[in-house]
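What follows is a single structure, written as structure tokens, with notes after it.
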Amino acid sequence: MTANQPDPSPELDELYRGFAEELLVPLWTEIGDLMPMSPSPAMRPHAWRWKTLLPLAEKAGELVPVGRGGERRAIALANPGLGGAPYATPTLWAAIQYLGPGENAPEHRHTQNAFRFVVEGEGVWTVVNGDPVAMRRGDFLLTPGWHFHGHHNTASEPMAWIDGLDIPFVHYTGSAFFEFGPEQVSSTETPERSRAERLWAHPGLRPVSQTAPAVNSPIAAYRWEHTDAALTDQLALEDEGHPGVVEPGHAAVRFTNPTTGGDVMPTIRAEFHRLRAGAETAPRQEVGSAVWQVFDGSGTVRVGDQEWTVDHGDLFVVPSWAEVTLAADTQLDLFRFSDTPIFERLHADRVRVGGQR
């Protein structure tokens with residue numbers, strides 16, 4: 001019950017009926033929910049197990065066709081606090097997508113920003129605005145909003161990966177557009193490197209022909225070998241007594257847009273974290289929500305009052321301002337994406353680490 005409410009009376013009941021008839025709601029009855037002392041999101045901490053998700057995706061591969069209409073064989077994570085909506089968080093969509101041998105996911109485009117992260121396997125090429133991009137284990141691949149894209153599997157084995165998009169944010173803001181492209185992908189080439197990588201993916205080097213800042217990163221794929229090397233070097237520097245890690249035993253990198261130095265897409269931040277065996281992170285709280293996937297290793301995750309042991313492929317979500325702590329049993333590699341750029345642009349971001357703001 002909200003404090004300082006008016007005394008009940010027939011006149012007050014009549015006033016409230018008048019409000020209801022005119023679709024009005026008085027602030028004094030709602031302020032506790034609308035303006036809590038700290039964030040109180042409806043979403044809940046939750047974990048999904050890869051060993052459970054993958055067999056379900058494989059079964060869908062047997063029963064559900066992929067093609068125009070359904071478009072993608074993608075199975076979304078539905079947060080238990082969001083009323084059955086296919087959303088991992090209030091702003092982020094995450095799904096396991098599955099493509100069988102020789103299958104083709106037709107091209108389309110949409111205003112939602114998207115990416116792929118590959119936790120295992122290879123053999124699929126995603127074609128983004130006509131540029132074929134190989135998908136391999138550990139790769140982080142971009143499909144920015146309003147880019148035509150499709151996928152085709154050239155291998156004799158199926159492949160599954162994780163899709164991340166800002167679908168809930170776009171849906172709630174009423175800003176979505178969608179357009180069909182060709183039934184078949186516009187290129188069936190299978191180059192080792194995409195054209196975007198050949199132009200942009202040279203560490204520390206920017207083509208002089210491309211001087212304007214871009215809304216989204218022009219790099220089509222951030223390859224695992226570079227991510228792995230960067231994390232390895234950070235921990236080696238720590239061993240040598242030099243700075244570089246986030247905290248003891250915790251290396252991390254952020255995928256960035258080389259034209260601005262900022263996030264890869266305006267609504268999504270993507271990072272990769274590595275903990276040494278035995279390392280534990282300081283408790284961290286952040287405005288905005290995040291999705292994590294274990295790439296390799298095992299450990300324990302605490303989110304608010306929930307705790308799970310996690311290993312290869314497992315996914316978990318962290319609500320806004322929920323305290324999260326990671327502890328590594330073995331070396332623990334994790335991919336993370338969040339909606340932080342939205343809150344930074346609104347100047348509504350806030351972070352607290354170890355209880356200190």
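In the structure tokens, each chain is lettered A, B, ... as it comes, each chain's residues begin at 1, and ligands are numbered from 1 in order of appearance.
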Every residue of stretch 56-191 of chain A that DSSP places in strand (DSSP E or B), as a PyMOL selection string: chain A and resi 74-76+93-99+104-110+114-117+122-128+131-136+140-143+149-153+159-165+178-180
Considering only C-alpha atoms, return as a PDB file with C-alpha atoms, in the first residue's frame whatever protein or nucleic-acid residues lie within 12 Å of A:Leu77, sequence-local ones (same chain, fewer than 6 positions apart) excluded.
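Wrote it out as around.pdb, contents follow:
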```
ATOM      1  CA  HIS A  46      17.518 -17.444 -15.688  1.00  0.00           C
ATOM      2  CA  ALA A  47      19.845 -20.023 -17.258  1.00  0.00           C
ATOM      3  CA  TRP A  48      19.368 -22.258 -20.315  1.00  0.00           C
ATOM      4  CA  ARG A  49      21.471 -25.392 -20.822  1.00  0.00           C
ATOM      5  CA  TRP A  50      23.162 -25.975 -24.176  1.00  0.00           C
ATOM      6  CA  LEU A  53      18.803 -26.574 -26.284  1.00  0.00           C
ATOM      7  CA  GLY A  84       5.619 -15.586 -22.315  1.00  0.00           C
ATOM      8  CA  ALA A  85       7.094 -13.066 -24.778  1.00  0.00           C
ATOM      9  CA  PRO A  86       9.983 -14.524 -26.839  1.00  0.00           C
ATOM     10  CA  TYR A  87      12.460 -12.123 -25.264  1.00  0.00           C
ATOM     11  CA  ALA A  88      15.577 -12.909 -23.252  1.00  0.00           C
ATOM     12  CA  THR A  89      15.413  -9.433 -21.670  1.00  0.00           C
ATOM     13  CA  PRO A  90      13.088  -6.430 -22.108  1.00  0.00           C
ATOM     14  CA  LEU A  92      17.292  -8.142 -26.199  1.00  0.00           C
ATOM     15  CA  TRP A  93      16.332 -11.226 -28.202  1.00  0.00           C
ATOM     16  CA  ALA A  94      18.502 -14.330 -28.179  1.00  0.00           C
ATOM     17  CA  ALA A  95      17.885 -17.585 -30.035  1.00  0.00           C
ATOM     18  CA  ILE A  96      19.548 -20.751 -31.176  1.00  0.00           C
ATOM     19  CA  GLN A  97      19.380 -21.008 -34.976  1.00  0.00           C
ATOM     20  CA  ILE A 162      23.305 -17.998 -31.347  1.00  0.00           C
ATOM     21  CA  ASP A 163      21.460 -15.013 -32.823  1.00  0.00           C
ATOM     22  CA  GLY A 164      21.216 -11.766 -30.862  1.00  0.00           C
ATOM     23  CA  LEU A 165      18.967  -8.871 -31.842  1.00  0.00           C
ATOM     24  CA  VAL A 291      22.894 -12.107 -22.035  1.00  0.00           C
ATOM     25  CA  ASP A 314      25.070 -22.531 -21.417  1.00  0.00           C
ATOM     26  CA  LEU A 315      23.308 -19.163 -21.539  1.00  0.00           C
ATOM     27  CA  PHE A 316      22.141 -16.944 -18.688  1.00  0.00           C
ATOM     28  CA  VAL A 317      20.603 -13.492 -18.374  1.00  0.00           C
TER      29      VAL A 317
END
```
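Omitting A:Thr190 and its sequence neighbours fewer than 5 positions away, and counting only C-alpha atoms, the residues within 10 Å are Gly123, Val124, Trp125, Thr126, Val127, Asp131, Pro132, Val133, Ala134, His152 and Thr154 of chain A.
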Within 9 Å of stretch 340-342 of chain A using only C-alpha atoms, minus same-chain residues under 6 positions, as a PyMOL selection string: chain A and resi 263+265-269+286-290+348-349
Which of A:Glu280, A:Val119, A:His347, A:Ala201 sits closest to A:Phe335 [using only C-alpha atoms]: A:Val119
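Secondary structure of stretch 118-214 of chain A, alpha helix (DSSP H) only (DSSP, backbone atoms): Ile167, Pro168, Phe169, Val170, His171, Tyr172, Arg195, Ala196, Glu197, Arg198, Leu199 and Trp200 of chain A.
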Please write the residues from the selection above to a file, keeping N, CA, C and O atoms, as a PDB file, in the first residue's frame.
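Printed below is selection-v2.pdb as written:
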```pdb
ATOM      1  N   ILE A 167      15.260  -6.921 -31.027  1.00  0.00           N
ATOM      2  CA  ILE A 167      13.845  -7.037 -31.400  1.00  0.00           C
ATOM      3  C   ILE A 167      12.908  -6.439 -30.351  1.00  0.00           C
ATOM      4  O   ILE A 167      11.997  -5.664 -30.695  1.00  0.00           O
ATOM      5  N   PRO A 168      13.039  -6.757 -29.052  1.00  0.00           N
ATOM      6  CA  PRO A 168      12.086  -6.184 -28.095  1.00  0.00           C
ATOM      7  C   PRO A 168      12.116  -4.665 -28.050  1.00  0.00           C
ATOM      8  O   PRO A 168      11.069  -4.015 -27.984  1.00  0.00           O
ATOM      9  N   PHE A 169      13.303  -4.088 -28.105  1.00  0.00           N
ATOM     10  CA  PHE A 169      13.421  -2.628 -28.081  1.00  0.00           C
ATOM     11  C   PHE A 169      12.736  -2.011 -29.295  1.00  0.00           C
ATOM     12  O   PHE A 169      11.965  -1.043 -29.171  1.00  0.00           O
ATOM     13  N   VAL A 170      12.990  -2.565 -30.462  1.00  0.00           N
ATOM     14  CA  VAL A 170      12.380  -2.049 -31.683  1.00  0.00           C
ATOM     15  C   VAL A 170      10.860  -2.245 -31.652  1.00  0.00           C
ATOM     16  O   VAL A 170      10.096  -1.372 -32.075  1.00  0.00           O
ATOM     17  N   HIS A 171      10.423  -3.389 -31.129  1.00  0.00           N
ATOM     18  CA  HIS A 171       8.989  -3.660 -31.044  1.00  0.00           C
ATOM     19  C   HIS A 171       8.291  -2.656 -30.123  1.00  0.00           C
ATOM     20  O   HIS A 171       7.260  -2.071 -30.486  1.00  0.00           O
ATOM     21  N   TYR A 172       8.845  -2.444 -28.934  1.00  0.00           N
ATOM     22  CA  TYR A 172       8.206  -1.551 -27.972  1.00  0.00           C
ATOM     23  C   TYR A 172       8.203  -0.108 -28.437  1.00  0.00           C
ATOM     24  O   TYR A 172       7.316   0.670 -28.062  1.00  0.00           O
ATOM     25  N   ARG A 195      34.705  -9.592 -48.165  1.00  0.00           N
ATOM     26  CA  ARG A 195      35.223  -8.320 -48.677  1.00  0.00           C
ATOM     27  C   ARG A 195      35.356  -7.303 -47.542  1.00  0.00           C
ATOM     28  O   ARG A 195      36.312  -6.510 -47.503  1.00  0.00           O
ATOM     29  N   ALA A 196      34.404  -7.311 -46.615  1.00  0.00           N
ATOM     30  CA  ALA A 196      34.456  -6.373 -45.488  1.00  0.00           C
ATOM     31  C   ALA A 196      35.693  -6.608 -44.631  1.00  0.00           C
ATOM     32  O   ALA A 196      36.347  -5.657 -44.184  1.00  0.00           O
ATOM     33  N   GLU A 197      36.046  -7.873 -44.412  1.00  0.00           N
ATOM     34  CA  GLU A 197      37.254  -8.169 -43.637  1.00  0.00           C
ATOM     35  C   GLU A 197      38.511  -7.729 -44.369  1.00  0.00           C
ATOM     36  O   GLU A 197      39.456  -7.205 -43.755  1.00  0.00           O
ATOM     37  N   ARG A 198      38.535  -7.945 -45.674  1.00  0.00           N
ATOM     38  CA  ARG A 198      39.721  -7.570 -46.454  1.00  0.00           C
ATOM     39  C   ARG A 198      39.962  -6.060 -46.409  1.00  0.00           C
ATOM     40  O   ARG A 198      41.107  -5.596 -46.443  1.00  0.00           O
ATOM     41  N   LEU A 199      38.879  -5.301 -46.296  1.00  0.00           N
ATOM     42  CA  LEU A 199      39.014  -3.851 -46.254  1.00  0.00           C
ATOM     43  C   LEU A 199      39.283  -3.336 -44.836  1.00  0.00           C
ATOM     44  O   LEU A 199      40.102  -2.436 -44.645  1.00  0.00           O
ATOM     45  N   TRP A 200      38.607  -3.942 -43.840  1.00  0.00           N
ATOM     46  CA  TRP A 200      38.575  -3.335 -42.515  1.00  0.00           C
ATOM     47  C   TRP A 200      39.305  -4.105 -41.411  1.00  0.00           C
ATOM     48  O   TRP A 200      39.667  -3.506 -40.398  1.00  0.00           O
TER      49      TRP A 200
END
```
Who sits within 8 Å of stretch 212-227 of chain A, only C-alpha atoms, same chain under 4 positions skipped, as a list in words: Val133, Arg137, Gly138, Asp139, Phe140, Leu141, Leu142, Thr143, Pro144, Ser194, Ala196, Glu197, Trp200, Ala201, Leu231, Val253, Phe255, Thr256, Asn257, Pro258, Thr259, Thr260, Asp263, Val264, Met265, Pro266 and Phe272 of chain A
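When atom CA of A:Ala327 is paired with atom CA of A:Ala277, their separation reads 8.4 Å.
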